[in-house]
Every structure is written in C-alpha cells, then in structure tokens.
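J.: I'd like to ask some things about the structure below.
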Amino acid sequence: MKNNQIKPNKIRENASPWQGGIAKSITFIVTKDCQLACKYCYLVGKNEKERMKWPVAKAAIDYILSHEEMFPEASVTWDFIGGEPFLEIDLIDQICDYLKTEMFRLNHHWFNSYRFSFSTNGINYHTDKVQAFIKKNITHLSIGITIDGTRAKHDLNRIWKGDAQPERGSYDDVVRNIPLWLEQFPNAGTKVTISSADIPYICESVLHLYSLGIHEVNINCVFEDVWQEGDDKRFEDQLMQLADAIIDGGYYANYACSFFSEYIGKPLDPVNENQNWCGAGKMLSIDAAGNFYPCTRFAAYSLREKRPIIIGNVRDGIDKNKLRPFLTLDRMTQSPDKCKTCEVASGCAWCQGENYDAAATPTIYQRATAICLMHKARVRANNYYWNKLYRKLELEGSREDFEKNKPQVKPIDC
Amino acid sequence: MLQYLVILLDDTSASFCHYHVTKSTPRLMPLDTLKRGIRFGMIENLMIQFIYPNHALPQEYLEVIDTIDHSDIKPLAGDNADADIIVTDNWESDVSKLRDAVVVLRTCWAQFREHYSQLNNWLAVAKRLNVVVTDVERLNDDDREQYKAILETLSKEVEKLYVEGKSPQFNLLTDRMVLTEMNNCNAGDTTITLAPDGKFYICPAFYYDGENQSVGDLDNGLDIKNRQLYSLDHAPICRKCDAWQCRRCVWLNRKTTLEVNTPGHEQCVAAHLERNASRDLMLSLRSRGTFLPDKEEIKELTYLDPFEIATQWN
Ligand code: SF4
Ligand code: SF4
C-alpha cells in the first residue's frame, strides 16, 4: 500500500474539542490591556481604559442564563480573554462564582457541563490570586499559556510594553511558570503564531517547546496579509527540517505538532464538504460596554479597517437577524474560484474576522487568501512527513502500534 | 448580467419601492449627465427606466429622454401622462385616474392595516397593482397574524374578480401563482441606478442612504465590488426558497442583517405569508374549474422563514 493511502477511519490524530464541539463558547473580553506589546498581535485597539465592570458582566450572565432556549448547546465554555485576562483576576473570580451559583440556582442545563477557559501570556500565572483561583476551579478549568518557542523566537515578538530600548523580551518571565503550569495541567498545549519574521525559528522552537515538557504544540500562520516573496519556500524548508527532527528523534510517539495532519491537502467536495471553517456566530463575545459580538475578532479593538459587528447588547439582548449571515455562511459561497477548485484545499483555514477586515466591501462573505502559498507549502512538507514516517514505521513493524497510541493535538479554536 | 438602468432624473424623484426619498430640495440631473447616462445604457444594451419627480421637466430634458426607447415611472401627484408605471403613497388617491394603469402603492404597515379594505377599488380599475409595505422589516408576531388575515380577505376580492372573468394582477397574491422561478428586484445583479450626481448605485435606496455608497460613475464606469453577492446563487437562504414573488430587497437585507445576500426574518415571513395566501387562492380557484393548468401547485410548507431549515443544507 502506498503510504498516503491510509484509510481515514484508522487515523485519530486530532482530539475532539471539549464535548465534541457541541459546547457553546461565551467569551468575556475582560480587559483590553496587556503587559506585552506583541508585534503580531491583531488587537489593534488595545488600551488600558476599557476594563469590564461587574454590573456589565452580571447583566450579561443574567441575560444569557435567563434565555436558556437561545443556548441549547449541551455544554458551555466560559472563556476569558484580553488583552491579558489575568490582569482582571478579581473580576474573573467574581464572575465565575456568580456563574456557578446562578447555574445551580436556576437548575440550568449547563450546571454540570461547563468549563472556564483562559488564554494567557503566563506572566501572572504564579501570583497568589491566580493560584487561588486555579485551585478553587481546577476541575472545570483549561488554561493555555502562549510561548512562541526559543528565547530568540519568543523575544522577537513577545516584548514588554513601553518605549524601553533595547526592547525587553518576555521569555524568562513566562518560562519560569511553565513547570508549575504543567504540574497543574499535564496535558496542556501551547499555541504558537507564525508571522513572516518567525519562519527561520520554527523548527528549533517546536523542539524547544517539547524540551520544556509541552507535548502538544498548536501552530498556525497568521491570516493577515504579511507574507513576503519566498516565505513559502522558507516555510517549507523549516517544516521539512522539523519533520526530519520529529521522525529521526522519535518525538512522534509522544509529542504532537498541529502542522502535520493526515487530513490536510486533499480536494474538498463542493456539496458534502461545504461547511464554514470558523465558528464565529456560533460563539458569543461580550465587551466592557456590554456589547455582544459574533466573535472577539469583530470587536472594534480587533479591526483595522472595518466597523465592529455588534449583534446586540446586555440590555436589548441578541438581534437574531445579525446572526443569520454567520449561521448560513458556507465554504463555497465565500470562496473565490481558485479555492473552490483547489486540489489541496482541506486544512486551509480562514478567520471570518480577518475575511471581514480585509474584504473589499463590509461583508463576511469574501474569503481572504493571504495564506494560500503558505498552506500549499505546508501541504508539501506534510506529505513528506507522513510518507517518511509511515515508511519508517512499516520498516520497523511498528505502524499498527503507532496507530493505536499516537499522540493527539486538539484543534486550534482560532 | 445587467439588463436595466434606472435613472433618477431628480433628487426628489418619486420612490417606487421600500426606500424613502431623503432629499427634499429639487435638483435635476444635469442635462449632460442625463445624455451620458443614456449613452451608457445604449452602449451596455440596457433597458432604461426614468424616475420622475413631482415637478415638470424642462422641454429639453423631455427631448433627450425621447432619444431612447425607455419606460417612465411617474408619481401620481405630478404630470403622469404616458407613464408606464404610476407610483403613489397616498391612500386617498383618486382611483379613477388609475384606470388600466400599472400602479405602485407605497404604504407603511400601520396605514396598510387601516386602509387595506379599499384595495378592491384599486384592483378593480388598475391593470396591475404592486403594494409595497415600506416598513416590512418591523412586522412582529402579532402583525404577522394580522397580515395573514388581511391577505385572506384580499384573496376573496381577487377571487371574485377572477370569477367575473377579469385577470387581476396583484403582486401580493397573483404573482406567485404564475411564476416558475425567482423574480426578485435583482438590484446590483440585473439592475443598476444612475443618480443625479453622475454616480452609479445598487438601487436608489443606496443613494438616499447618505453615506457615499456609489459603485462607480460615468467617468470610470461601473465598479461593483463583490458583485457576486447580489446574485441568487450567492444568497444561501434565498437560493433554497420558493417565495418567488419576494422582492428579496438587498437594501433591506443590508439594513437588517448587515449583508446584502442575507434577508432578515421579517422579510422572509411576510413573503411566505403572501406565498401561502397565493397557494390557497390558487387551490380555491382550481376548485371552481381549470385555472392556470400549466402551472404547478404551490407546495405546502412547514415554515415561514427558510432560515429555519438552513442547517439542513449547511
Ligand atoms: S477564526 Fe477568527 S473569526 Fe473565527 S472564531 Fe476565530 S478569531 Fe473568530
Ligand atoms: S434593493 Fe430593490 S427592492 Fe430593495 S429598495 Fe432597492 S429597488 Fe427596492
């Protein structure tokens, strides 16, 4: 059998998201402030002023929990983002206590099926308040710390805010918290974002994260149009190096990297594989002013060019008409012809917010394709990876074993 | 493919549709712009529809207009001799002036609810009657029941006319019976508008909306970005719908859902109430004898908003 003709039903390399993707994701944008000023950060409107106040958070919770019929999903993920969410740990603690009490009091169907989720820069992870919060909620918690890789790669982008020269990287301030984090969340993964300047560091960064004890590395290229000529070739070279390192070093047995997936790089059926990629509209985000968004990427602070898409607020509730475009959006209707007929289309992602921001008119129906060449480069390296890995496993007679036990990567939400 | 060019002869040209004319000071399209607009229509092979204001046009304008085959949409309040379509938003209009005319009656929901029983007079004289409920996007659940009941009442009037041997044409009740496919406004797809400022707009509503929403001008030609979104095949809800008489108003779409290709709930519900009333009317007429034998029966549906089954095709 040719290596790339593996039956898909044998492969389970991506773990299902929590509750098989049926969880509602509700995001509190608790602050637009952050200690860092990451160079690739899409949050163009970060500031220190817009912090969520308790009455707004409470009104949002009261609205959501009292409209159970509008949120039929079996489970919920209460998500907290910023800026840096742990800057608002007091408010978050108050929100979570209230949520638990209210879900119980109302006998809400989410009471036994919720989790609190955080994406943090990790800087405040060890502080007493954050630790007390973690201990209180540990059974319903997932926390991702963002670390980009080696010190060089991380400090290239993830620098402290301010005008200090030379720029001060945040690597040491984050890495010191990794052992505690992994002790509390041994299966935690990290999320890495690749922009043009990061390409030369990809291979060493992934290996570095493995060496820190992180077994699951989720990486994606930014969707914005930042790519330079030749980046795709450089990207492919890095991924080939990474493929060799993972396979030759035997990491594939216990470590996962989302770059390599057996599902990517295939044509997609126009009818049966017509789903939208992104979950905007099936999620709900709330900002400090009490406005609702289909996803955080549609809030003003995330948008470069366009007006925010506000779908309601904590006082008037959700305007269902504003959700209709999100809920009926499909792949074919938003894609240009080159994507519809692309022979390596599977796994090529998009972000509805970036599509909207980059579109020629204010629409979510124009797919941005800035990552086209990068996806194709990834597909080539990915083909190489699986061909090489399966040949090795077959020669060693360990393929079946690998299939049963292979490490899994949770799909990246965004 | 573009087929029609709407030319607004004046800033106060009458509205023939959902939008309101937000300009109150008359300002004629400059004569040179008019000539160039007509030339554009000729070059692009478009059928031109002129929209007139209440006030009379200078003779030189009439002469220029006459240089091309066209249709005239004129307000009842002005000089409407030779109009192909007469528009009014006045329920008190003298219906005797509408004999054998194609008439557009614009009305808000509140007025419609109050005056609908007069429509049999309009239907009795007009060759065709189009009623446009201008604030259809505000119809709530209570209104919905009332609209249904009103359509039933009007349906009886229409049925009487058929029984008398007449062939009334009434957009809310008879169009769906004779259509075999979608017949929407098609602004931005088959129709484009030239405004007095020499710029193109998807339809007059986008001109009167305020912010500059032009899609090209006479100097540089048409430039409709994301033009595919105005076509039916890029409208995920509408392309599965069979309320073929619906205006599918892209301007209302954008107002209610922020996307030109996605209708709001209320527009869909109103169109389905009309569709269903047409169905009942057709069945009733067929129970009396042969009626439109070459047309298929309109199917019974379990929903009033095709969005409700949207997940089935997503
Ligand atoms: S991909 Fe972008 S728009 Fe989609 S859910 Fe994620 S952040 Fe939002
Ligand atoms: S888009 Fe069409 S239906 Fe809507 S206001 Fe304009 S002309 Fe009328």
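By convention in this document, the chains of the structure tokens carry letters A, B, ... by their order, each chain's residues are numbered from 1, and ligands are numbered from 1 in the order they are shown.
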Report the closest atom pair, with its distance in Å rounded to one decimal, for each residue of chain B that has an atom no farther than 9 Å from ligand 2; count only C-alpha atoms and all ligand atoms, sort by chain and then rising residue number, and write it as a tab-separated table.
T.:
```
residue	atom	partner	partner_atom_place_in_ligand_line	distance
B:Ser15	CA	ligand 2	5 (S)	8.8
B:Phe16	CA	ligand 2	8 (Fe)	7.4
B:Cys17	CA	ligand 2	8 (Fe)	4.5
B:His18	CA	ligand 2	5 (S)	4.6
B:Tyr19	CA	ligand 2	5 (S)	5.1
B:His20	CA	ligand 2	5 (S)	8.8
B:Thr134	CA	ligand 2	5 (S)	8.8
B:Asn184	CA	ligand 2	3 (S)	7.6
B:Cys185	CA	ligand 2	2 (Fe)	4.6
B:Asn186	CA	ligand 2	2 (Fe)	6.4
B:Ala187	CA	ligand 2	2 (Fe)	5.1
B:Gly188	CA	ligand 2	1 (S)	8.0
B:Thr191	CA	ligand 2	7 (S)	8.6
B:Thr193	CA	ligand 2	7 (S)	9.0
B:Ile202	CA	ligand 2	1 (S)	7.1
B:Cys203	CA	ligand 2	6 (Fe)	4.7
B:Pro204	CA	ligand 2	6 (Fe)	6.1
B:Ala205	CA	ligand 2	6 (Fe)	5.2
B:Phe206	CA	ligand 2	6 (Fe)	7.4
B:Cys246	CA	ligand 2	3 (S)	8.9
B:Arg247	CA	ligand 2	3 (S)	5.1
B:Arg248	CA	ligand 2	3 (S)	6.3
B:Cys249	CA	ligand 2	4 (Fe)	3.6
B:Val250	CA	ligand 2	1 (S)	4.5
B:Trp251	CA	ligand 2	1 (S)	4.5
B:Leu252	CA	ligand 2	4 (Fe)	6.0
B:Asn253	CA	ligand 2	4 (Fe)	8.2
B:Val260	CA	ligand 2	1 (S)	8.9
```
J.: How would you report the residues lying within 7 Å of ligand 1, as a PyMOL selection string, if you count only C-alpha atoms and all ligand atoms?
T.: chain A and resi 278-280+295-297+350-354+413-414
J.: Given a cut-off of 9 Å, which residues of chain A touch chain B, counting only C-alpha atoms, written out as a list of chain:residue names?
T.: A:Val271, A:Asn274, A:Gln275, A:Asn276, A:Ile309, A:Asp319, A:Lys320, A:Asn321, A:Lys322, A:Leu323, A:Arg324, A:Pro325, A:Leu327, A:Thr328, A:Leu329, A:Asp330, A:Met332, A:Thr333, A:Gln334, A:Ala359, A:Ala360, A:Thr361, A:Pro362, A:Thr363, A:Ile364, A:Tyr365, A:Gln366
J.: From segment 148-292 of chain B, collect each residue whose DSSP state is helix (DSSP H, G or I) and return the set as number ranges by chain.
T.: B: 148-163, 175-178, 204-208, 227-230, 232-234, 238-240, 250-257, 265-288
